[in-house]
$ cat model25.txt   # compact mmCIF, C-alpha atoms
# COMPACT_ATOMS: atom_id res chain seq x y z
CA MET O 1 98.47 108.58 115.56
CA GLY O 2 100.82 110.31 117.98
CA SER O 3 103.85 109.08 116.08
CA SER O 4 102.70 110.76 112.90
CA SER O 5 102.67 114.22 114.48
CA GLY O 6 105.99 113.48 116.13
CA GLN O 7 107.42 112.79 112.73
CA GLY O 8 106.59 116.35 111.84
CA GLY O 9 108.13 117.77 114.98
CA GLY O 10 111.66 116.79 114.00
CA GLY O 11 110.97 117.37 110.34
CA GLY O 12 113.13 120.32 109.54
CA GLY O 13 115.90 119.60 112.02
CA SER O 14 118.51 120.68 109.51
CA GLY O 15 117.73 123.71 107.42
CA GLY O 16 118.54 121.72 104.29
CA GLY O 17 116.14 118.90 105.13
CA TYR O 18 113.77 119.96 102.36
CA ASP O 19 113.71 122.19 99.29
CA LEU O 20 110.16 123.56 99.50
CA SER O 21 107.60 124.07 102.27
CA PHE O 22 103.87 124.31 101.53
CA LYS O 23 100.74 124.78 103.62
CA ILE O 24 97.75 122.63 102.67
CA LEU O 25 94.19 122.87 104.03
CA LEU O 26 91.65 120.05 104.26
CA ILE O 27 88.08 121.37 104.35
CA GLY O 28 84.58 119.95 103.94
CA ASP O 29 81.62 118.72 105.99
CA SER O 30 82.07 116.79 109.22
CA GLY O 31 82.34 113.04 108.67
CA VAL O 32 83.54 113.06 105.05
CA GLY O 33 86.83 111.52 106.18
CA LYS O 34 89.25 114.47 106.19
CA SER O 35 91.14 113.28 109.27
CA SER O 36 91.17 109.70 107.96
CA LEU O 37 92.64 110.90 104.66
CA LEU O 38 95.35 112.73 106.55
CA VAL O 39 96.21 109.84 108.86
CA SER O 40 96.19 107.42 105.93
CA PHE O 41 98.65 109.68 104.08
CA ILE O 42 100.91 110.46 107.05
CA SER O 43 101.24 107.09 108.74
CA ASN O 44 100.17 104.55 106.08
CA SER O 45 97.52 103.30 108.48
CA VAL O 46 93.75 103.45 108.57
CA GLU O 47 91.89 104.51 111.72
CA ASP O 48 88.36 105.39 112.73
CA LEU O 49 88.73 108.85 114.18
CA ALA O 50 86.61 111.05 116.39
CA PRO O 51 85.50 114.38 114.86
CA THR O 52 88.21 117.03 114.83
CA ILE O 53 87.68 119.80 117.37
CA GLY O 54 88.84 123.15 116.06
CA VAL O 55 91.99 122.52 114.04
CA ASP O 56 94.74 119.93 113.95
CA PHE O 57 97.77 119.73 111.70
CA LYS O 58 100.34 117.18 110.65
CA ILE O 59 103.63 117.46 108.79
CA LYS O 60 104.72 115.10 106.05
CA GLN O 61 107.95 115.12 104.11
CA LEU O 62 108.04 113.50 100.71
CA ILE O 63 109.81 113.70 97.37
CA VAL O 64 107.79 114.90 94.38
CA ASP O 65 109.34 115.48 90.97
CA GLY O 66 112.82 115.26 92.49
CA LYS O 67 112.11 117.96 95.08
CA ARG O 68 112.11 117.34 98.84
CA LEU O 69 108.86 118.79 100.13
CA LYS O 70 107.60 119.59 103.59
CA LEU O 71 103.80 119.68 103.63
CA THR O 72 102.09 121.17 106.67
CA ILE O 73 98.54 119.86 106.34
CA TRP O 74 95.81 121.56 108.38
CA ASP O 75 92.75 119.49 109.19
CA THR O 76 89.77 121.71 110.02
CA ALA O 77 86.58 120.86 111.87
CA GLY O 78 83.56 120.51 109.62
CA GLN O 79 80.94 121.30 112.26
CA GLU O 80 79.18 124.64 112.02
CA ARG O 81 80.04 125.63 115.60
CA PHE O 82 83.77 125.55 114.85
CA ARG O 83 83.50 127.40 111.54
CA THR O 84 84.56 130.76 113.01
CA LEU O 85 87.83 129.25 114.21
CA THR O 86 88.98 128.36 110.74
CA SER O 87 89.13 131.70 108.93
CA SER O 88 92.68 132.51 110.05
CA TYR O 89 93.90 129.11 108.91
CA TYR O 90 93.27 130.00 105.27
CA ARG O 91 96.06 132.55 105.50
CA ASN O 92 99.06 131.77 103.28
CA ALA O 93 97.76 128.37 102.16
CA GLN O 94 99.19 127.23 98.84
CA GLY O 95 96.77 124.32 98.42
CA ILE O 96 93.21 123.57 99.52
CA ILE O 97 91.52 120.16 99.37
CA LEU O 98 87.71 120.35 99.31
CA ALA O 99 86.58 116.91 100.44
CA TYR O 100 83.18 115.23 100.21
CA ASP O 101 81.75 111.77 100.79
CA VAL O 102 80.65 110.07 97.55
CA THR O 103 77.87 108.28 99.49
CA ARG O 104 76.35 111.45 101.03
CA ARG O 105 74.99 113.89 98.50
CA GLU O 106 74.60 116.80 100.91
CA THR O 107 78.35 116.81 101.57
CA PHE O 108 78.82 117.32 97.83
CA THR O 109 76.25 120.11 97.43
CA ASN O 110 77.70 121.86 100.49
CA LEU O 111 80.99 122.28 98.64
CA SER O 112 79.29 124.86 96.43
CA ASP O 113 76.83 126.19 99.00
CA VAL O 114 79.30 126.60 101.88
CA TRP O 115 82.92 125.67 101.34
CA ALA O 116 83.76 127.19 97.95
CA LYS O 117 82.29 130.49 99.16
CA GLU O 118 84.39 130.30 102.31
CA VAL O 119 87.54 129.68 100.26
CA ASP O 120 86.86 132.75 98.12
CA LEU O 121 86.19 134.82 101.23
CA TYR O 122 89.18 133.82 103.35
CA ARG O 123 92.05 132.71 101.15
CA THR O 124 94.85 135.27 101.01
CA ASN O 125 96.54 133.88 97.92
CA LYS O 126 94.40 134.08 94.79
CA ASP O 127 96.75 131.65 93.02
CA CYS O 128 96.31 128.87 95.58
CA VAL O 129 95.55 125.49 94.02
CA LYS O 130 92.20 123.87 94.79
CA MET O 131 91.50 120.16 94.55
CA LEU O 132 88.10 118.48 94.78
CA VAL O 133 88.36 115.05 96.44
CA GLY O 134 85.56 112.49 96.66
CA ASN O 135 86.30 110.11 99.54
CA LYS O 136 84.94 106.65 100.47
CA LEU O 137 85.41 105.21 97.01
CA ASP O 138 85.48 101.76 98.69
CA ARG O 139 81.69 102.08 99.22
CA GLU O 140 80.89 102.11 95.51
CA SER O 141 77.55 100.30 95.98
CA GLU O 142 76.32 103.20 98.15
CA ARG O 143 77.49 105.92 95.77
CA ALA O 144 75.19 108.98 95.66
CA VAL O 145 77.44 111.27 93.59
CA SER O 146 78.72 110.14 90.19
CA ARG O 147 82.30 110.64 89.10
CA GLU O 148 81.01 112.77 86.20
CA GLU O 149 79.23 115.11 88.63
CA GLY O 150 82.40 115.46 90.64
CA MET O 151 84.41 116.30 87.53
CA ALA O 152 81.82 118.86 86.44
CA LEU O 153 81.82 120.63 89.83
CA ALA O 154 85.62 120.66 89.90
CA LYS O 155 85.67 122.28 86.47
CA GLU O 156 83.08 124.85 87.56
CA HIS O 157 85.19 125.92 90.55
CA GLY O 158 88.59 125.67 88.85
CA CYS O 159 89.72 122.64 90.85
CA THR O 160 91.60 119.50 89.93
CA PHE O 161 89.62 116.33 90.73
CA LEU O 162 90.28 112.92 92.26
CA GLU O 163 88.30 110.18 93.98
CA CYS O 164 89.97 108.16 96.71
CA SER O 165 89.46 105.90 99.71
CA ALA O 166 91.11 106.62 103.05
CA LYS O 167 90.09 103.10 104.08
CA THR O 168 91.85 101.18 101.32
CA ARG O 169 94.38 104.02 100.73
CA GLU O 170 93.47 104.04 97.02
CA ASN O 171 94.66 107.34 95.47
CA VAL O 172 95.46 108.87 98.88
CA GLU O 173 99.14 109.54 98.14
CA LYS O 174 98.26 110.48 94.57
CA CYS O 175 95.90 113.14 95.91
CA PHE O 176 98.60 114.99 97.88
CA GLU O 177 101.33 114.40 95.29
CA GLU O 178 99.21 115.77 92.43
CA LEU O 179 98.28 118.79 94.53
CA ALA O 180 101.97 119.42 95.28
CA LEU O 181 102.84 119.13 91.58
CA LYS O 182 100.13 121.66 90.68
CA ILE O 183 101.39 124.07 93.35
CA MET O 184 104.94 123.76 91.98
CA GLU O 185 103.65 124.76 88.52
CA VAL O 186 102.55 128.18 89.84
CA PRO O 187 105.56 130.56 89.99
CA SER O 188 104.23 132.69 92.88
CA LEU O 189 103.47 129.60 95.00
CA LEU O 190 106.83 128.03 94.19
CA GLU O 191 108.51 131.25 95.35
CA GLU O 192 106.52 131.13 98.62
CA GLY O 193 107.66 127.55 99.18
CA LEU O 194 111.30 128.55 98.66
CA THR O 195 110.95 131.62 100.88
CA ALA O 196 109.55 129.54 103.76
CA VAL O 197 112.66 127.33 103.64
CA LYS O 198 115.05 130.30 103.44
CA LYS O 199 113.39 131.92 106.46
CA LYS O 200 113.89 128.75 108.49
CA VAL O 201 117.57 128.55 107.55
CA ILE O 202 118.11 132.22 108.48
CA ASN O 203 116.34 131.78 111.82
CA GLN O 204 118.44 128.72 112.66
CA LYS O 205 121.65 130.59 111.83
CA GLN O 206 120.62 133.44 114.12
CA GLU O 207 119.85 131.01 116.94
CA ASN O 208 123.26 129.36 116.56
CA GLN O 209 125.26 132.62 116.56
CA PRO O 210 127.32 133.29 119.71
CA PRO O 211 125.98 136.25 121.75
CA SER O 212 129.46 137.80 122.03
CA THR O 213 129.34 139.37 118.54
CA SER O 214 127.80 142.61 119.86
CA ASN O 215 130.76 143.14 122.24
CA THR O 216 133.32 143.01 119.47
CA GLY O 217 131.35 145.63 117.58
CA CYS O 218 131.59 148.26 120.30
CA CYS O 219 135.37 147.93 120.63
CA SER O 220 136.16 148.11 116.93
CA SER O 221 135.66 151.90 116.84
$ encode --input "model25.txt" --output "structure tokens"
Amino acid sequence: MGSSSGQGGGGGGSGGGYDLSFKILLIGDSGVGKSSLLVSFISNSVEDLAPTIGVDFKIKQLIVDGKRLKLTIWDTAGQERFRTLTSSYYRNAQGIILAYDVTRRETFTNLSDVWAKEVDLYRTNKDCVKMLVGNKLDRESERAVSREEGMALAKEHGCTFLECSAKTRENVEKCFEELALKIMEVPSLLEEGLTAVKKKVINQKQENQPPSTSNTGCCSS
């Protein structure tokens, strides 16, 4: 797991390493498999993970529709006692994944009762793209929420919809790629993604400038 975060650390080494940079949030009840989804996507491996404490994030670079993307994916704790920590993490998110466990009905109903309300309360960008994701598709025999119900709830809350399995990796990449495509279709979000890259390039140029430039300025008069 450590290697996956390390991959993100060197991610934007050169300013031109990617064309767009987006912030994605993973939210939902504890135990629905948010961290497993993220690890499955980042490192192509499947792990049983301890509950997230507070917030964790990983960075993944990928190519979608010919564009080199840097996704910073924030994985938030689902437990009630950490809920207050997460409000600031909604800031400037271009995409939000609302995850539930298809075998646990309460995790599905909580999307409407808790999480969708939180999104409306805290998100700073009204155009941000929401995706409803039903995880643990590999446990079909234990299913407690039908695909049709998932689709209906997604429609009600203006989300795209997908079912996946972090365990078998079915639809895991598709989930993040489809979300990225949807974000790229929204002009204001696309502009934010471009701006984030431009800022990084400008900052790197400033860091690389020799400090002597101010001296030449004072003598030129």
$ atom_distance --input "model25.txt" --atom1 "CA of Thr109 (chain O)" --atom2 "CA of Ala144 (chain O)"
11.3 Å
$ residues_around --input "model25.txt" --residues "region 152-162 of chain O" --least-positions-apart "2" --cutoff "6 Å" --atoms "all atoms listed in the file" --output "number ranges by chain"
O: 130-133, 149-150
$ closest_residue --input "model25.txt" --among "O:Leu20, O:Val32, O:Leu25, O:Leu181" --to "Leu194 (chain O)" --atoms "only C-alpha atoms"
O:Leu20
$ residues_around --input "model25.txt" --residues "Lys174 (chain O)" --least-positions-apart "4" --cutoff "9 Å" --atoms "only C-alpha atoms" --output "mmCIF file with C-alpha atoms, in the frame of the given file"
data_model
loop_
_atom_site.group_PDB
_atom_site.id
_atom_site.type_symbol
_atom_site.label_atom_id
_atom_site.label_comp_id
_atom_site.auth_asym_id
_atom_site.auth_seq_id
_atom_site.Cartn_x
_atom_site.Cartn_y
_atom_site.Cartn_z
ATOM 1 C CA LEU O 162 90.280 112.920 92.260
ATOM 2 C CA CYS O 164 89.970 108.160 96.710
ATOM 3 C CA GLU O 170 93.470 104.040 97.020
ATOM 4 C CA GLU O 178 99.210 115.770 92.430
ATOM 5 C CA LEU O 179 98.280 118.790 94.530
#
$ atom_distance --input "model25.txt" --atom1 "CA of Ala93 (chain O)" --atom2 "CA of Val201 (chain O)"
20.5 Å
$ atom_distance --input "model25.txt" --atom1 "CA of Asp29 (chain O)" --atom2 "CA of Lys70 (chain O)"
26.1 Å
$ closest_residue --input "model25.txt" --among "O:Glu148, O:Glu185, O:Asp138, O:Glu191" --to "Arg169 (chain O)" --atoms "only C-alpha atoms"
O:Asp138
